[in-house]
$ cat model_4.pdb   # PDB, C-alpha atoms
ATOM      1  CA  MET D   1     112.735  80.984 117.702
ATOM      2  CA  SER D   2     115.781  78.924 116.733
ATOM      3  CA  SER D   3     119.278  80.170 117.445
ATOM      4  CA  ALA D   4     119.959  80.283 113.683
ATOM      5  CA  HIS D   5     117.555  83.223 113.416
ATOM      6  CA  ASP D   6     118.452  84.980 116.692
ATOM      7  CA  PRO D   7     119.220  88.652 115.866
ATOM      8  CA  LEU D   8     121.794  88.921 118.678
ATOM      9  CA  ARG D   9     123.632  85.852 117.363
ATOM     10  CA  ARG D  10     123.666  87.332 113.864
ATOM     11  CA  THR D  11     125.045  90.656 115.182
ATOM     12  CA  VAL D  12     127.776  88.892 117.167
ATOM     13  CA  MET D  13     128.742  86.688 114.193
ATOM     14  CA  ALA D  14     128.930  89.724 111.891
ATOM     15  CA  ALA D  15     131.139  91.520 114.427
ATOM     16  CA  LEU D  16     133.419  88.491 114.708
ATOM     17  CA  ALA D  17     133.694  88.217 110.942
ATOM     18  CA  SER D  18     134.728  91.860 110.672
ATOM     19  CA  LEU D  19     137.620  91.448 113.145
ATOM     20  CA  PRO D  20     140.186  90.454 110.519
ATOM     21  CA  LEU D  21     139.182  93.459 108.451
ATOM     22  CA  LEU D  22     139.344  95.931 111.322
ATOM     23  CA  GLY D  23     142.036  94.513 113.554
ATOM     24  CA  ALA D  24     144.649  93.286 111.140
ATOM     25  CA  GLY D  25     146.429  96.585 110.701
ATOM     26  CA  GLY D  26     149.153  97.020 108.160
ATOM     27  CA  ALA D  27     148.893  97.180 104.411
ATOM     28  CA  GLY D  28     145.498  96.623 102.975
ATOM     29  CA  ALA D  29     143.466  96.611 106.187
ATOM     30  CA  ALA D  30     141.765  99.908 105.411
ATOM     31  CA  ASP D  31     140.549  98.703 102.017
ATOM     32  CA  GLY D  32     139.066  95.469 103.385
ATOM     33  CA  ASN D  33     141.966  93.289 102.333
ATOM     34  CA  VAL D  34     144.440  91.585 104.627
ATOM     35  CA  ARG D  35     147.819  90.400 103.384
ATOM     36  CA  ARG D  36     149.858  88.007 105.499
ATOM     37  CA  GLY D  37     152.085  86.606 102.805
ATOM     38  CA  SER D  38     150.203  83.309 102.700
ATOM     39  CA  ASP D  39     149.909  81.202  99.556
ATOM     40  CA  VAL D  40     146.240  80.669 100.438
ATOM     41  CA  LEU D  41     143.662  83.364  99.734
ATOM     42  CA  VAL D  42     140.089  83.742 100.939
ATOM     43  CA  ALA D  43     138.175  85.926  98.473
ATOM     44  CA  TYR D  44     134.502  86.577  99.096
ATOM     45  CA  PHE D  45     131.478  88.603  98.113
ATOM     46  CA  SER D  46     128.785  89.155 100.726
ATOM     47  CA  ARG D  47     125.677  91.300 100.658
ATOM     48  CA  SER D  48     124.031  90.628 104.018
ATOM     49  CA  GLY D  49     127.051  89.377 105.977
ATOM     50  CA  ASN D  50     126.395  85.612 106.015
ATOM     51  CA  THR D  51     129.209  84.793 103.593
ATOM     52  CA  ARG D  52     131.482  87.336 105.318
ATOM     53  CA  VAL D  53     131.130  85.389 108.585
ATOM     54  CA  ILE D  54     132.308  82.179 106.923
ATOM     55  CA  ALA D  55     135.143  84.014 105.140
ATOM     56  CA  GLY D  56     136.327  85.455 108.460
ATOM     57  CA  LEU D  57     136.303  82.050 110.121
ATOM     58  CA  ILE D  58     138.300  80.442 107.295
ATOM     59  CA  HIS D  59     140.711  83.389 107.211
ATOM     60  CA  ARG D  60     141.421  83.233 110.941
ATOM     61  CA  GLY D  61     141.418  79.442 111.144
ATOM     62  CA  LEU D  62     143.899  78.941 108.298
ATOM     63  CA  ARG D  63     145.786  82.246 108.663
ATOM     64  CA  THR D  64     145.226  83.152 105.038
ATOM     65  CA  ASP D  65     145.262  86.349 103.055
ATOM     66  CA  LEU D  66     141.813  87.920 102.654
ATOM     67  CA  PHE D  67     140.184  89.835  99.797
ATOM     68  CA  GLU D  68     136.662  91.244  99.680
ATOM     69  CA  ILE D  69     135.154  91.244  96.183
ATOM     70  CA  ARG D  70     133.249  94.486  95.629
ATOM     71  CA  PRO D  71     131.575  95.906  92.541
ATOM     72  CA  ALA D  72     132.776  99.369  91.476
ATOM     73  CA  THR D  73     129.182 100.536  91.940
ATOM     74  CA  ALA D  74     127.562  99.030  95.029
ATOM     75  CA  TYR D  75     124.356  97.067  94.735
ATOM     76  CA  PRO D  76     121.256  98.831  96.117
ATOM     77  CA  GLU D  77     120.611  98.707  99.866
ATOM     78  CA  ASP D  78     117.040  97.568  99.187
ATOM     79  CA  TYR D  79     116.853  93.766  98.996
ATOM     80  CA  LEU D  80     114.215  93.614  96.235
ATOM     81  CA  ALA D  81     116.046  96.213  94.131
ATOM     82  CA  THR D  82     119.218  94.135  94.419
ATOM     83  CA  VAL D  83     117.346  90.979  93.413
ATOM     84  CA  GLU D  84     115.969  92.719  90.316
ATOM     85  CA  GLN D  85     119.327  94.203  89.318
ATOM     86  CA  ALA D  86     121.075  90.848  89.768
ATOM     87  CA  ARG D  87     118.374  89.128  87.680
ATOM     88  CA  GLN D  88     118.854  91.634  84.852
ATOM     89  CA  GLU D  89     122.646  91.256  85.018
ATOM     90  CA  ARG D  90     122.367  87.460  85.047
ATOM     91  CA  ASP D  91     119.939  87.332  82.136
ATOM     92  CA  SER D  92     122.041  89.660  79.982
ATOM     93  CA  GLY D  93     125.383  88.055  80.925
ATOM     94  CA  PHE D  94     126.593  91.403  82.283
ATOM     95  CA  GLU D  95     129.718  91.333  84.450
ATOM     96  CA  PRO D  96     129.981  94.531  86.519
ATOM     97  CA  ALA D  97     133.263  96.356  86.954
ATOM     98  CA  LEU D  98     135.188  95.530  90.113
ATOM     99  CA  GLU D  99     136.273  98.067  92.719
ATOM    100  CA  ALA D 100     139.682  96.327  92.795
ATOM    101  CA  THR D 101     141.489  93.276  91.470
ATOM    102  CA  LEU D 102     144.410  91.295  92.846
ATOM    103  CA  PRO D 103     147.694  92.183  91.158
ATOM    104  CA  ASN D 104     149.398  89.140  92.716
ATOM    105  CA  MET D 105     147.037  86.215  92.050
ATOM    106  CA  ALA D 106     150.053  84.201  90.871
ATOM    107  CA  ALA D 107     151.311  84.147  94.486
ATOM    108  CA  TYR D 108     148.419  81.927  95.594
ATOM    109  CA  ARG D 109     148.143  78.179  95.104
ATOM    110  CA  THR D 110     144.743  77.812  96.803
ATOM    111  CA  LEU D 111     141.736  80.103  96.605
ATOM    112  CA  PHE D 112     138.740  79.797  98.934
ATOM    113  CA  LEU D 113     135.990  81.620  97.027
ATOM    114  CA  GLY D 114     132.835  82.584  98.909
ATOM    115  CA  PHE D 115     129.589  84.010  97.643
ATOM    116  CA  PRO D 116     125.837  83.791  98.134
ATOM    117  CA  ILE D 117     123.739  82.063  95.497
ATOM    118  CA  TRP D 118     121.672  84.654  93.636
ATOM    119  CA  GLY D 119     118.937  83.504  91.263
ATOM    120  CA  GLU D 120     120.265  79.934  91.420
ATOM    121  CA  THR D 121     123.745  80.930  90.247
ATOM    122  CA  ALA D 122     126.886  82.871  91.142
ATOM    123  CA  PRO D 123     126.365  86.640  91.471
ATOM    124  CA  PRO D 124     127.475  88.655  88.428
ATOM    125  CA  VAL D 125     130.254  90.343  90.432
ATOM    126  CA  VAL D 126     131.753  86.911  91.181
ATOM    127  CA  ARG D 127     131.793  86.127  87.465
ATOM    128  CA  SER D 128     133.631  89.454  87.021
ATOM    129  CA  PHE D 129     136.191  88.439  89.648
ATOM    130  CA  LEU D 130     136.770  85.069  87.973
ATOM    131  CA  SER D 131     137.088  86.660  84.521
ATOM    132  CA  ALA D 132     139.648  89.155  85.842
ATOM    133  CA  HIS D 133     141.978  86.550  87.400
ATOM    134  CA  ASP D 134     143.762  83.540  85.911
ATOM    135  CA  LEU D 135     143.181  80.550  88.192
ATOM    136  CA  ALA D 136     144.776  77.901  85.969
ATOM    137  CA  GLY D 137     146.765  75.412  88.042
ATOM    138  CA  LYS D 138     145.208  76.577  91.321
ATOM    139  CA  THR D 139     142.921  74.753  93.727
ATOM    140  CA  LEU D 140     139.561  76.496  94.027
ATOM    141  CA  VAL D 141     137.515  75.756  97.150
ATOM    142  CA  PRO D 142     134.036  77.323  96.995
ATOM    143  CA  PHE D 143     131.985  78.178 100.064
ATOM    144  CA  ASN D 144     128.442  79.329  99.588
ATOM    145  CA  THR D 145     125.339  80.525 101.338
ATOM    146  CA  HIS D 146     121.879  80.218  99.837
ATOM    147  CA  GLY D 147     118.290  80.964 100.710
ATOM    148  CA  GLY D 148     116.943  77.441 100.431
ATOM    149  CA  TYR D 149     117.258  76.722  96.720
ATOM    150  CA  GLY D 150     120.705  75.122  96.766
ATOM    151  CA  LEU D 151     123.700  75.759  94.541
ATOM    152  CA  GLY D 152     121.856  76.049  91.226
ATOM    153  CA  ASN D 153     124.367  76.136  88.362
ATOM    154  CA  SER D 154     127.077  77.916  90.367
ATOM    155  CA  ARG D 155     129.538  75.022  90.022
ATOM    156  CA  SER D 156     129.281  75.091  86.225
ATOM    157  CA  VAL D 157     129.897  78.871  86.354
ATOM    158  CA  LEU D 158     133.082  78.198  88.333
ATOM    159  CA  ALA D 159     134.183  75.551  85.849
ATOM    160  CA  SER D 160     133.563  77.797  82.828
ATOM    161  CA  HIS D 161     135.114  80.925  84.375
ATOM    162  CA  ALA D 162     138.117  79.190  85.983
ATOM    163  CA  PRO D 163     139.358  76.780  83.311
ATOM    164  CA  GLY D 164     142.392  74.849  84.427
ATOM    165  CA  ALA D 165     141.607  75.185  88.124
ATOM    166  CA  THR D 166     140.956  72.142  90.294
ATOM    167  CA  ILE D 167     137.557  72.775  91.883
ATOM    168  CA  LEU D 168     136.809  71.006  95.162
ATOM    169  CA  ASP D 169     133.338  70.333  96.599
ATOM    170  CA  GLY D 170     133.535  73.100  99.164
ATOM    171  CA  PHE D 171     131.092  74.176 101.873
ATOM    172  CA  VAL D 172     127.397  75.077 101.556
ATOM    173  CA  LEU D 173     125.124  76.655 104.161
ATOM    174  CA  GLU D 174     121.466  77.619 103.969
ATOM    175  CA  ALA D 175     121.305  81.154 105.348
ATOM    176  CA  ASP D 176     118.028  82.679 104.296
ATOM    177  CA  GLN D 177     117.357  85.066 107.167
ATOM    178  CA  GLU D 178     116.921  88.143 104.948
ATOM    179  CA  ARG D 179     114.233  86.624 102.730
ATOM    180  CA  ARG D 180     112.532  84.849 105.622
ATOM    181  CA  THR D 181     112.553  88.009 107.748
ATOM    182  CA  MET D 182     111.036  90.000 104.897
ATOM    183  CA  GLU D 183     108.271  87.407 104.438
ATOM    184  CA  GLN D 184     107.510  87.285 108.173
ATOM    185  CA  VAL D 185     107.349  91.075 108.551
ATOM    186  CA  ASN D 186     105.104  91.433 105.487
ATOM    187  CA  ALA D 187     102.802  88.673 106.752
ATOM    188  CA  TRP D 188     102.597  90.373 110.151
ATOM    189  CA  LEU D 189     101.840  93.761 108.592
ATOM    190  CA  ASN D 190      99.136  92.247 106.397
ATOM    191  CA  LYS D 191      97.597  90.303 109.287
ATOM    192  CA  ALA D 192      97.614  93.347 111.551
ATOM    193  CA  LYS D 193      96.173  95.422 108.683
ATOM    194  CA  LEU D 194      99.100  97.816 109.022
ATOM    195  CA  ALA D 195     100.288  97.544 105.405
ATOM    196  CA  ARG D 196      99.186 100.291 103.033
TER     197      ARG D 196
END
$ encode --input "model_4.pdb" --output "structure tokens"
Amino acid sequence: MSSAHDPLRRTVMAALASLPLLGAGGAGAADGNVRRGSDVLVAYFSRSGNTRVIAGLIHRGLRTDLFEIRPATAYPEDYLATVEQARQERDSGFEPALEATLPNMAAYRTLFLGFPIWGETAPPVVRSFLSAHDLAGKTLVPFNTHGGYGLGNSRSVLASHAPGATILDGFVLEADQERRTMEQVNAWLNKAKLAR
């Protein structure tokens, strides 16, 4: 098994990524947001933790402020239920309410925006975040994880939802452990005749 799919590695990386959220102390740490007074912000949405790891590394490496994008109503724990809900939201153009917004977006000149690619596009909650904040005149640096299908139309979503922002190429990482794990477990259950 490759180190990219090692469960211990994944656990350690998730723990490392949570350090800025747990160990920062001060204002905002309890709500998942860290404020250092930087003019650079890392904002991210992460379901399984892959994007959170990258956000934590950028945050620590550049000593930025940090904001976790969360929907007001959490997505289901079940992977397939989340996929179906996200598909319905995408197809209808629905933008879910956010748990919180940034009252001080004007203080930032650069925004690193991280999210997984869902259904070959940006998740609906990321569209909500972009619609709720004026990014005109700012530099937007996307960082994304995906399950093997690439960026889809996510860059055009950024362009349409952040008019006036300068959008850089950003960082992309294939991180499909959740889907691949699900497929491997189901194949094993079927082969062992354990599935009902």
$ atom_distance --input "model_4.pdb" --atom1 "atom CA of Val172 of chain D" --atom2 "atom CA of Gly119 of chain D"
15.8 Å
$ atom_distance --input "model_4.pdb" --atom1 "atom CA of Ile117 of chain D" --atom2 "atom CA of Thr51 of chain D"
10.1 Å
$ resolve_selection --input "model_4.pdb" --expression "the PyMOL selection byres ((chain D and resi 67-69) around 9)" --output "list in words"
Asp31, Gly32, Asn33, Val34, Arg35, Leu41, Val42, Ala43, Tyr44, Phe45, Ser46, Arg52, Asp65, Leu66, Arg70, Pro71, Leu98, Glu99, Ala100, Thr101, Leu102, Val125, Val126 and Phe129 of chain D
$ axis_aligned_box --input "model_4.pdb" --around "segment 152-158 of chain D" --padding-each-side "5 Å" --output "AutoDock Vina command-line options"
--center_x 127.5 --center_y 76.9 --center_z 88.7 --size_x 21.2 --size_y 13.8 --size_z 15.0
$ resolve_selection --input "model_4.pdb" --expression "the PyMOL selection byres ((chain D and resi 87-89) around 12)" --output "MDAnalysis selection string"
chainID D and resid 75 80:86 90:97 117:128
$ closest_residue --input "model_4.pdb" --among "D:Leu135, D:Val53, D:Leu173, D:Leu168" --to "Gly147 of chain D" --atoms "only C-alpha atoms"
D:Leu173
$ residues_around --input "model_4.pdb" --residues "Ala165 of chain D" --least-positions-apart "4" --cutoff "7 Å" --atoms "only C-alpha atoms" --output "list of chain:residue names"
D:Leu135, D:Ala136, D:Gly137, D:Lys138, D:Thr139, D:Leu140
$ closest_residue --input "model_4.pdb" --among "D:Ala106, D:Tyr79, D:Val157, D:Val141" --to "Arg180 of chain D" --atoms "only C-alpha atoms"
D:Tyr79
$ atom_distance --input "model_4.pdb" --atom1 "atom CA of Phe115 of chain D" --atom2 "atom CA of Asn186 of chain D"
26.8 Å
$ closest_residue --input "model_4.pdb" --among "D:Ser38, D:Thr110, D:Ser48, D:Ser160" --to "Pro142 of chain D" --atoms "only C-alpha atoms"
D:Thr110
$ decode --input "model_4.pdb" --residues "segment 118-133 of chain D" --atoms "all heavy atoms" --output "mmCIF file, in the first residue's frame"
data_model
loop_
_atom_site.group_PDB
_atom_site.id
_atom_site.type_symbol
_atom_site.label_atom_id
_atom_site.label_comp_id
_atom_site.auth_asym_id
_atom_site.auth_seq_id
_atom_site.Cartn_x
_atom_site.Cartn_y
_atom_site.Cartn_z
ATOM 1 N N TRP D 118 -16.436 18.975 -5.950
ATOM 2 C CA TRP D 118 -17.621 18.120 -5.801
ATOM 3 C C TRP D 118 -18.397 18.156 -7.107
ATOM 4 O O TRP D 118 -18.790 19.233 -7.560
ATOM 5 C CB TRP D 118 -18.523 18.642 -4.701
ATOM 6 C CG TRP D 118 -18.084 18.336 -3.308
ATOM 7 C CD1 TRP D 118 -16.900 17.789 -2.904
ATOM 8 C CD2 TRP D 118 -18.836 18.573 -2.123
ATOM 9 N NE1 TRP D 118 -16.872 17.674 -1.546
ATOM 10 C CE2 TRP D 118 -18.050 18.137 -1.039
ATOM 11 C CE3 TRP D 118 -20.096 19.113 -1.870
ATOM 12 C CZ2 TRP D 118 -18.488 18.229 0.287
ATOM 13 C CZ3 TRP D 118 -20.529 19.201 -0.562
ATOM 14 C CH2 TRP D 118 -19.733 18.753 0.497
ATOM 15 N N GLY D 119 -18.609 16.998 -7.715
ATOM 16 C CA GLY D 119 -19.399 16.953 -8.949
ATOM 17 C C GLY D 119 -18.802 17.821 -10.032
ATOM 18 O O GLY D 119 -19.519 18.501 -10.758
ATOM 19 N N GLU D 120 -17.473 17.839 -10.099
ATOM 20 C CA GLU D 120 -16.717 18.595 -11.105
ATOM 21 C C GLU D 120 -16.908 20.110 -11.010
ATOM 22 O O GLU D 120 -16.832 20.825 -11.999
ATOM 23 C CB GLU D 120 -17.045 18.086 -12.505
ATOM 24 C CG GLU D 120 -16.696 16.614 -12.676
ATOM 25 C CD GLU D 120 -16.998 16.063 -14.055
ATOM 26 O OE1 GLU D 120 -17.244 16.848 -14.988
ATOM 27 O OE2 GLU D 120 -16.981 14.835 -14.192
ATOM 28 N N THR D 121 -17.115 20.599 -9.778
ATOM 29 C CA THR D 121 -17.259 22.034 -9.570
ATOM 30 C C THR D 121 -16.978 22.378 -8.112
ATOM 31 O O THR D 121 -16.663 21.513 -7.309
ATOM 32 C CB THR D 121 -18.674 22.514 -9.995
ATOM 33 O OG1 THR D 121 -18.686 23.939 -10.053
ATOM 34 C CG2 THR D 121 -19.758 21.992 -9.072
ATOM 35 N N ALA D 122 -17.102 23.651 -7.787
ATOM 36 C CA ALA D 122 -16.952 24.102 -6.397
ATOM 37 C C ALA D 122 -18.189 23.695 -5.600
ATOM 38 O O ALA D 122 -19.304 23.769 -6.117
ATOM 39 C CB ALA D 122 -16.782 25.617 -6.358
ATOM 40 N N PRO D 123 -18.019 23.268 -4.353
ATOM 41 C CA PRO D 123 -19.180 22.923 -3.529
ATOM 42 C C PRO D 123 -20.125 24.121 -3.373
ATOM 43 O O PRO D 123 -19.673 25.269 -3.345
ATOM 44 C CB PRO D 123 -18.571 22.536 -2.183
ATOM 45 C CG PRO D 123 -17.161 22.182 -2.479
ATOM 46 C CD PRO D 123 -16.761 23.047 -3.632
ATOM 47 N N PRO D 124 -21.413 23.862 -3.233
ATOM 48 C CA PRO D 124 -22.374 24.960 -3.075
ATOM 49 C C PRO D 124 -22.038 25.909 -1.928
ATOM 50 O O PRO D 124 -22.209 27.123 -2.053
ATOM 51 C CB PRO D 124 -23.702 24.229 -2.832
ATOM 52 C CG PRO D 124 -23.525 22.924 -3.551
ATOM 53 C CD PRO D 124 -22.080 22.558 -3.344
ATOM 54 N N VAL D 125 -21.512 25.396 -0.817
ATOM 55 C CA VAL D 125 -21.189 26.250 0.319
ATOM 56 C C VAL D 125 -20.048 27.215 -0.019
ATOM 57 O O VAL D 125 -19.993 28.331 0.522
ATOM 58 C CB VAL D 125 -20.883 25.400 1.578
ATOM 59 C CG1 VAL D 125 -19.567 24.647 1.441
ATOM 60 C CG2 VAL D 125 -20.897 26.248 2.836
ATOM 61 N N VAL D 126 -19.174 26.848 -0.929
ATOM 62 C CA VAL D 126 -18.109 27.755 -1.364
ATOM 63 C C VAL D 126 -18.697 28.867 -2.226
ATOM 64 O O VAL D 126 -18.298 30.036 -2.099
ATOM 65 C CB VAL D 126 -16.983 26.983 -2.085
ATOM 66 C CG1 VAL D 126 -15.979 27.925 -2.724
ATOM 67 C CG2 VAL D 126 -16.292 26.038 -1.112
ATOM 68 N N ARG D 127 -19.660 28.523 -3.063
ATOM 69 C CA ARG D 127 -20.356 29.579 -3.824
ATOM 70 C C ARG D 127 -21.038 30.557 -2.868
ATOM 71 O O ARG D 127 -21.020 31.771 -3.082
ATOM 72 C CB ARG D 127 -21.369 28.962 -4.793
ATOM 73 C CG ARG D 127 -20.742 28.172 -5.918
ATOM 74 C CD ARG D 127 -21.719 27.837 -7.054
ATOM 75 N NE ARG D 127 -23.041 27.476 -6.610
ATOM 76 C CZ ARG D 127 -23.496 26.229 -6.478
ATOM 77 N NH1 ARG D 127 -22.715 25.204 -6.749
ATOM 78 N NH2 ARG D 127 -24.744 26.004 -6.086
ATOM 79 N N SER D 128 -21.616 30.025 -1.775
ATOM 80 C CA SER D 128 -22.245 30.890 -0.766
ATOM 81 C C SER D 128 -21.220 31.840 -0.154
ATOM 82 O O SER D 128 -21.489 33.029 0.016
ATOM 83 C CB SER D 128 -22.863 30.049 0.354
ATOM 84 O OG SER D 128 -23.894 29.235 -0.127
ATOM 85 N N PHE D 129 -20.055 31.301 0.185
ATOM 86 C CA PHE D 129 -18.988 32.118 0.773
ATOM 87 C C PHE D 129 -18.583 33.227 -0.190
ATOM 88 O O PHE D 129 -18.445 34.392 0.216
ATOM 89 C CB PHE D 129 -17.782 31.243 1.114
ATOM 90 C CG PHE D 129 -16.600 32.013 1.624
ATOM 91 C CD1 PHE D 129 -16.528 32.398 2.951
ATOM 92 C CD2 PHE D 129 -15.560 32.360 0.778
ATOM 93 C CE1 PHE D 129 -15.432 33.119 3.430
ATOM 94 C CE2 PHE D 129 -14.463 33.078 1.239
ATOM 95 C CZ PHE D 129 -14.407 33.462 2.571
ATOM 96 N N LEU D 130 -18.390 32.891 -1.457
ATOM 97 C CA LEU D 130 -17.984 33.893 -2.442
ATOM 98 C C LEU D 130 -19.076 34.949 -2.641
ATOM 99 O O LEU D 130 -18.774 36.135 -2.764
ATOM 100 C CB LEU D 130 -17.646 33.214 -3.773
ATOM 101 C CG LEU D 130 -16.375 32.360 -3.753
ATOM 102 C CD1 LEU D 130 -16.286 31.508 -5.018
ATOM 103 C CD2 LEU D 130 -15.139 33.223 -3.588
ATOM 104 N N SER D 131 -20.325 34.534 -2.663
ATOM 105 C CA SER D 131 -21.430 35.482 -2.830
ATOM 106 C C SER D 131 -21.557 36.429 -1.641
ATOM 107 O O SER D 131 -22.008 37.562 -1.793
ATOM 108 C CB SER D 131 -22.751 34.725 -3.015
ATOM 109 O OG SER D 131 -22.752 34.006 -4.223
ATOM 110 N N ALA D 132 -21.157 35.969 -0.466
ATOM 111 C CA ALA D 132 -21.307 36.763 0.757
ATOM 112 C C ALA D 132 -20.169 37.756 0.990
ATOM 113 O O ALA D 132 -20.273 38.596 1.883
ATOM 114 C CB ALA D 132 -21.414 35.825 1.968
ATOM 115 N N HIS D 133 -19.090 37.667 0.209
ATOM 116 C CA HIS D 133 -17.919 38.511 0.442
ATOM 117 C C HIS D 133 -17.462 39.174 -0.853
ATOM 118 O O HIS D 133 -17.355 38.514 -1.886
ATOM 119 C CB HIS D 133 -16.765 37.676 1.022
ATOM 120 C CG HIS D 133 -17.098 37.050 2.330
ATOM 121 N ND1 HIS D 133 -17.648 35.791 2.439
ATOM 122 C CD2 HIS D 133 -16.976 37.524 3.599
ATOM 123 C CE1 HIS D 133 -17.855 35.504 3.715
ATOM 124 N NE2 HIS D 133 -17.449 36.541 4.439
#
